[in-house]
Structures are given as structure tokens and as C-alpha cells.
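*Asks:* This is the content of final21.txt (compact mmCIF, C-alpha atoms):
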```
# COMPACT_ATOMS: atom_id res chain seq x y z
CA MET L 1356 25.92 60.95 71.57
CA ASN L 1357 29.55 61.08 70.37
CA ILE L 1358 30.83 61.05 73.94
CA ILE L 1359 28.86 57.85 74.62
CA ARG L 1360 30.39 56.24 71.51
CA LYS L 1361 33.89 57.33 72.60
CA ILE L 1362 33.39 55.77 76.04
CA ALA L 1363 31.45 52.69 74.89
CA SER L 1364 33.76 51.70 72.02
CA PRO L 1365 36.82 50.89 74.19
CA ILE L 1366 34.61 49.07 76.72
CA ILE L 1367 33.02 46.92 73.99
CA ALA L 1368 36.43 46.23 72.40
CA PHE L 1369 37.91 45.22 75.77
CA THR L 1370 34.93 42.96 76.52
CA LEU L 1371 35.22 41.23 73.12
CA LEU L 1372 39.00 40.78 73.56
CA ALA L 1373 38.50 39.32 77.06
CA ALA L 1374 35.90 36.89 75.69
CA CYS L 1375 38.31 35.75 72.96
CA VAL L 1376 41.12 35.21 75.48
CA ALA L 1377 38.77 33.32 77.80
CA ALA L 1378 37.62 31.11 74.90
CA GLU L 1379 41.26 30.31 73.99
CA GLU L 1380 42.02 29.35 77.60
CA GLN L 1381 39.12 26.90 77.58
CA GLY L 1382 40.71 24.90 74.79
CA PRO L 1383 39.40 23.89 71.38
CA VAL L 1384 35.69 23.69 70.72
CA THR L 1385 34.41 20.20 69.96
CA ASP L 1386 31.15 18.99 68.47
CA LYS L 1387 30.55 16.55 71.34
CA VAL L 1388 29.15 18.02 74.54
CA GLU L 1389 30.08 16.05 77.63
CA ILE L 1390 27.21 15.22 79.93
CA SER L 1391 27.68 16.99 83.21
CA PRO L 1392 28.46 14.62 86.07
CA GLN L 1393 25.94 16.57 88.18
CA LEU L 1394 23.09 15.40 85.93
CA THR L 1395 21.51 12.18 87.07
CA PRO L 1396 20.73 9.62 84.36
CA ILE L 1397 17.33 9.62 82.76
CA ILE L 1398 15.17 6.76 84.01
CA LEU L 1399 13.38 4.98 81.18
CA ARG L 1400 10.02 3.78 82.45
CA ALA L 1401 7.25 1.67 81.00
CA ASP L 1402 4.94 4.69 81.42
CA GLY L 1403 7.32 7.54 80.47
CA VAL L 1404 10.66 8.95 81.63
CA SER L 1405 11.98 10.64 84.75
CA GLN L 1406 15.09 12.47 85.87
CA ALA L 1407 15.91 13.52 89.40
CA LYS L 1408 13.54 13.40 92.33
CA GLY L 1409 10.02 14.52 91.60
CA GLN L 1410 10.62 15.12 87.90
CA ARG L 1411 8.55 12.50 86.14
CA PHE L 1412 7.07 12.70 82.67
CA SER L 1413 4.38 10.06 82.29
CA TYR L 1414 2.65 9.51 78.99
CA GLY L 1415 0.31 12.43 78.49
CA SER L 1416 2.81 14.97 79.89
CA GLU L 1417 3.23 18.27 78.05
CA LYS L 1418 5.79 18.29 75.24
CA ALA L 1419 7.46 21.56 76.32
CA ALA L 1420 8.24 20.35 79.85
CA ALA L 1421 9.70 17.04 78.67
CA ILE L 1422 11.91 18.81 76.13
CA VAL L 1423 13.29 21.13 78.84
CA MET L 1424 14.46 18.05 80.76
CA LEU L 1425 16.13 16.66 77.63
CA GLU L 1426 17.81 19.99 76.84
CA ARG L 1427 19.74 19.84 80.12
CA PHE L 1428 21.93 17.23 78.43
CA GLY L 1429 22.64 19.31 75.31
CA PRO L 1430 21.07 20.32 72.00
CA VAL L 1431 17.75 18.78 71.01
CA VAL L 1432 16.67 18.27 67.40
CA GLN L 1433 12.94 18.25 66.72
CA ASN L 1434 11.23 16.79 63.67
CA GLU L 1435 8.01 15.07 62.68
CA ASN L 1436 6.62 12.27 60.54
CA GLU L 1437 3.10 12.49 59.17
CA GLU L 1438 3.11 8.84 58.03
CA CYS L 1439 3.53 6.86 61.26
CA GLY L 1440 1.20 3.90 61.66
CA ALA L 1441 -0.19 5.46 64.87
CA GLY L 1442 -0.78 8.77 63.10
CA PRO L 1443 1.30 11.94 62.76
CA MET L 1444 4.07 12.09 65.35
CA GLU L 1445 6.63 14.65 66.51
CA PHE L 1446 10.04 13.78 67.90
CA ALA L 1447 12.62 15.48 70.12
CA ALA L 1448 16.01 13.77 69.90
CA SER L 1449 19.13 14.34 71.97
CA SER L 1450 22.31 13.15 70.26
CA GLU L 1451 24.12 13.59 73.58
CA THR L 1452 21.96 11.00 75.33
CA GLY L 1453 20.67 8.90 72.44
CA LEU L 1454 17.12 9.41 73.71
CA THR L 1455 14.24 10.34 71.41
CA LEU L 1456 10.91 11.39 72.92
CA ASN L 1457 7.77 10.79 70.84
CA PHE L 1458 4.80 13.17 70.91
CA GLN L 1459 1.29 13.30 69.50
CA ASP L 1460 -0.97 16.32 69.90
CA GLY L 1461 1.66 18.01 72.12
CA LYS L 1462 1.75 15.11 74.61
CA LEU L 1463 4.46 12.55 75.41
CA VAL L 1464 3.41 9.15 74.05
CA GLY L 1465 6.65 7.13 73.84
CA TRP L 1466 10.44 7.04 73.74
CA PHE L 1467 13.32 5.30 71.96
CA PHE L 1468 16.86 4.96 73.38
CA ASP L 1469 20.04 3.81 71.65
CA GLY L 1470 22.64 5.88 73.51
CA ASP L 1471 25.86 4.93 75.24
CA GLY L 1472 24.22 3.50 78.34
CA LYS L 1473 25.56 6.17 80.72
CA SER L 1474 22.88 8.80 80.24
CA ALA L 1475 19.77 6.62 80.58
CA GLN L 1476 18.68 3.30 82.05
CA THR L 1477 15.48 1.58 83.00
CA ALA L 1478 14.24 1.60 86.59
CA GLN L 1479 15.51 -2.00 86.66
CA ASP L 1480 19.10 -0.85 85.74
CA ILE L 1481 18.95 -2.14 82.15
CA THR L 1482 20.61 -0.04 79.45
CA ILE L 1483 22.45 -0.36 76.16
CA GLY L 1484 25.08 -3.07 76.51
CA SER L 1485 23.28 -4.94 79.29
CA THR L 1486 23.46 -8.68 78.78
CA ARG L 1487 20.47 -10.80 77.97
CA ALA L 1488 21.03 -12.62 81.28
CA ALA L 1489 20.83 -9.33 83.22
CA LEU L 1490 17.77 -8.32 81.21
CA GLU L 1491 15.95 -11.58 81.94
CA LYS L 1492 16.87 -11.33 85.62
CA ALA L 1493 15.54 -7.75 85.83
CA MET L 1494 12.24 -8.27 84.00
CA PRO L 1495 10.31 -11.14 82.44
CA ILE L 1496 10.78 -10.76 78.69
CA GLU L 1497 9.22 -12.41 75.68
CA LEU L 1498 10.77 -12.46 72.22
CA GLN L 1499 8.58 -11.08 69.47
CA LEU L 1500 9.05 -13.93 67.03
CA ASP L 1501 7.35 -12.24 64.06
CA SER L 1502 9.41 -9.01 64.23
CA THR L 1503 10.75 -7.78 60.90
CA LEU L 1504 13.09 -5.34 62.65
CA GLY L 1505 15.51 -7.71 64.39
CA ILE L 1506 15.71 -9.73 67.60
CA GLU L 1507 12.94 -7.87 69.41
CA PHE L 1508 11.79 -8.38 72.99
CA TYR L 1509 9.21 -6.84 75.27
CA ALA L 1510 8.38 -6.93 78.96
CA GLN L 1511 4.80 -6.27 80.03
CA PHE L 1512 4.19 -4.14 83.12
CA GLU L 1513 1.03 -3.17 84.97
CA ASP L 1514 -1.63 -1.02 83.31
CA PHE L 1515 -0.74 -2.34 79.84
CA HIS L 1516 2.59 -0.48 79.79
CA PHE L 1517 5.68 -2.20 78.47
CA ILE L 1518 9.37 -1.81 77.71
CA GLY L 1519 10.64 -3.29 74.49
CA GLY L 1520 13.96 -3.40 72.75
CA PHE L 1521 16.34 -5.17 70.43
CA LEU L 1522 19.08 -7.69 71.19
CA SER L 1523 22.29 -8.19 69.23
CA ASP L 1524 21.36 -11.86 68.60
CA GLU L 1525 19.33 -14.70 70.08
CA GLY L 1526 22.18 -16.24 72.08
CA GLU L 1527 22.77 -16.14 75.81
CA ASP L 1528 25.66 -13.69 75.28
CA ALA L 1529 23.42 -11.23 73.42
CA VAL L 1530 23.38 -7.59 74.55
CA VAL L 1531 20.70 -4.92 74.48
CA GLU L 1532 21.18 -2.65 71.45
CA SER L 1533 18.20 -0.33 71.95
CA LEU L 1534 15.12 0.16 74.13
CA TYR L 1535 11.69 1.68 73.54
CA SER L 1536 8.29 2.12 75.12
CA GLY L 1537 4.89 3.57 74.35
CA THR L 1538 3.84 4.70 70.89
CA THR L 1539 6.58 4.47 68.27
CA CYS L 1540 6.95 5.07 64.57
CA PHE L 1541 8.47 1.73 63.60
CA PHE L 1542 7.62 0.49 60.11
CA ARG L 1543 7.16 -3.27 60.36
```
Let me see the structure of the file written as C-alpha cells.
*Replies:*
Amino acid sequence: MNIIRKIASPIIAFTLLAACVAAEEQGPVTDKVEISPQLTPIILRADGVSQAKGQRFSYGSEKAAAIVMLERFGPVVQNENEECGAGPMEFAASSETGLTLNFQDGKLVGWFFDGDGKSAQTAQDITIGSTRAALEKAMPIELQLDSTLGIEFYAQFEDFHFIGGFLSDEGEDAVVESLYSGTTCFFR
């Protein structure tokens, strides 16, 4: 046993030293994780989200699988709210993308996006910062005039699915500030 310790101790010490040197060569650690250029943007859909060919998470998809997709972009924070109007809801949020996935009973039921516009976009190429003119060209929108949350719009798609969001103002130069779809936990 002592001979193993005598041999293992220098090996462990060398390995730890090499790891420290390698970490120093990589530069300082930052809180912000850069999204890998190899990752394709998340596609925000009226009926769920997708990323890459064949990887689609429609409403009703399993929570665990959808979270794995989100984790490819960096850390995911999960929480829940028992008091949502639609009933208790769980959330998985990625600060790296600005995308929050909404779940009920372990199934994907909605999403909310307020990221930088590089990590996610709709199938119609609308994202945060898109102009109102581009939005209206991409999809027929209606303003929700009675919204208590801001300048809210929605676009109806087939099968009762929709994409909604918020504009910076009502003018023609307005930009998209956030997008959502499915079941949410907005308090109106």
C-alpha cells in the first residue's frame, strides 16, 4: 500500500500542476460562456422549438430531452411557480441564449425568448431587434390592444398555435423586444 502511495503521489501532483498550467494558458475565467459557432441557432416555432436537423421539440415533448438541447449552449437554471394562471409550471432558463422553456407535468408547453437575437430566431427569421416592418412582412400580426404588459402582438398559425411578443413601441420603427409561444406564466 505504501509503495502505491509513493508512486501515485508524484503522478497526482504532476497531473494537478499540469492542469493549473493549462488553465493559466487558457486565459482568465469569465462568467459569460460564448456560444459555440458550431451550434446552430434555436428555431422558435409556434408549436415548440427545434435545433439542428431532425431535433424538434413540439409541445408535449419530454422535459429531459428539451433541457439537454438547451444545455448545449451553457448552464441551465430550473425553477417553478405554483401560482401560474394555467396551473403549476416548471421552467428551464438559459442565460446564454435568453430562452426559457415552460413545462407542465414533465412536458414542454411553451417558451419565452428575450436573448441577444443570435442564439434563437423564429422559422420566419424574426428575433430580438427585428423591426416591426420585418415582423409584419414575415407573419400577419395583430396587436393585443387590452394587454397590461406592454405593446403586445401575436400571429396565429395553423392548429391554433401562435407566436406572440412585445414591441418597443407602437411606431413603425418599433423593434421586437421579446417573443413567446404556448402556455406562459404571464400575470395580466
*Asks:* Please report the interatomic distance between CA of Asp1480 in chain L and CA of Leu1534 in chain L in Å with one decimal.
*Replies:*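 Taking CA of Asp1480 in chain L and CA of Leu1534 in chain L, their separation equals 12.3 Å.
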*Asks:* Tell me, as a list in words, which residues lie within 7 Å of range 1440-1455 of chain L, counting all atoms listed in the file; anything in the same chain fewer than 4 positions away does not count.
*Replies:*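 Near range 1440-1455 of chain L, the qualifying residues are Val1388, Ile1422, Leu1425, Phe1428, Gly1429, Pro1430, Val1431, Val1432, Gln1433, Asn1434, Glu1435, Asn1436, Gln1459, Trp1466, Phe1467, Phe1468, Asp1469, Gly1470, Ser1474 and Cys1540 of chain L.
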*Asks:* I want to know what sits within 10 Å of Ala1489 in chain L, based on all atoms listed in the file, with residues of the same chain fewer than 2 positions away left out; could you give that as a PyMOL selection string?
*Replies:* chain L and resi 1479-1481+1485-1487+1491-1494+1530-1531
*Asks:* What would the file look like if the residues just selected were written as a short mmCIF file (atom, residue, chain, number, x, y, z; two decimals), in the coordinates of the input with C-alpha atoms?
*Replies:*
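As a result, part.cif now contains:
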```cif
data_model
loop_
_atom_site.label_atom_id
_atom_site.label_comp_id
_atom_site.auth_asym_id
_atom_site.auth_seq_id
_atom_site.Cartn_x
_atom_site.Cartn_y
_atom_site.Cartn_z
CA GLN L 1479 15.51 -2.00 86.66
CA ASP L 1480 19.10 -0.85 85.74
CA ILE L 1481 18.95 -2.14 82.15
CA SER L 1485 23.28 -4.94 79.29
CA THR L 1486 23.46 -8.68 78.78
CA ARG L 1487 20.47 -10.80 77.97
CA GLU L 1491 15.95 -11.58 81.94
CA LYS L 1492 16.87 -11.33 85.62
CA ALA L 1493 15.54 -7.75 85.83
CA MET L 1494 12.24 -8.27 84.00
CA VAL L 1530 23.38 -7.59 74.55
CA VAL L 1531 20.70 -4.92 74.48
#
```
*Asks:* Near Tyr1509 in chain L, counting only C-alpha atoms, which residues have an atom at most 10 Å away, once you skip same-chain residues fewer than 3 positions from it, shown as a VMD selection string?
*Replies:* chain L and resid 1494 to 1499 1512 1517 to 1521 1534 to 1536
*Asks:* Between CA of Leu1504 in chain L and CA of Ile1397 in chain L, what is the distance, to one decimal in Å?
*Replies:* 25.4 Å
*Asks:* Counting only C-alpha atoms, which residue out of L:Ala1510, L:Cys1439, L:Ala1475, L:Leu1463 sits closest to Leu1399 in chain L?
*Replies:*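 The closest residue to Leu1399 in chain L is L:Ala1475.
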*Asks:* So what do you get for CA of Thr1477 in chain L versus CA of Pro1396 in chain L, distance-wise?
*Replies:*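 Answer for the CA of Thr1477 in chain L to CA of Pro1396 in chain L separation: 9.7 Å.
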*Asks:* Counting all atoms listed in the file, which of L:Glu1507, L:Asp1471, L:Glu1513, L:Glu1426 gets nearest to Gly1484 in chain L?
*Replies:*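 Looking at the shortest contact to Gly1484 in chain L, the residue is L:Asp1471.
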*Asks:* Gln1410 in chain L: which residues within 12 Å, counting all atoms listed in the file, same-chain residues fewer than 3 positions away excluded, as a compact mmCIF listing (two decimals) with C-alpha atoms, in the coordinates of the input?
*Replies:*
```
# COMPACT_ATOMS: atom_id res chain seq x y z
CA THR L 1395 21.51 12.18 87.07
CA ILE L 1397 17.33 9.62 82.76
CA ILE L 1398 15.17 6.76 84.01
CA GLY L 1403 7.32 7.54 80.47
CA VAL L 1404 10.66 8.95 81.63
CA SER L 1405 11.98 10.64 84.75
CA GLN L 1406 15.09 12.47 85.87
CA ALA L 1407 15.91 13.52 89.40
CA SER L 1413 4.38 10.06 82.29
CA SER L 1416 2.81 14.97 79.89
CA ALA L 1420 8.24 20.35 79.85
CA ALA L 1421 9.70 17.04 78.67
CA VAL L 1423 13.29 21.13 78.84
CA MET L 1424 14.46 18.05 80.76
CA LEU L 1425 16.13 16.66 77.63
```
*Asks:* Which residue is closest to Tyr1414 in chain L? Choose from L:Gly1526, L:Gly1472, L:Gly1465, L:Gly1505 and count all atoms listed in the file.
*Replies:*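 Once distances to Tyr1414 in chain L are computed over all atoms listed in the file, the minimum belongs to L:Gly1465.
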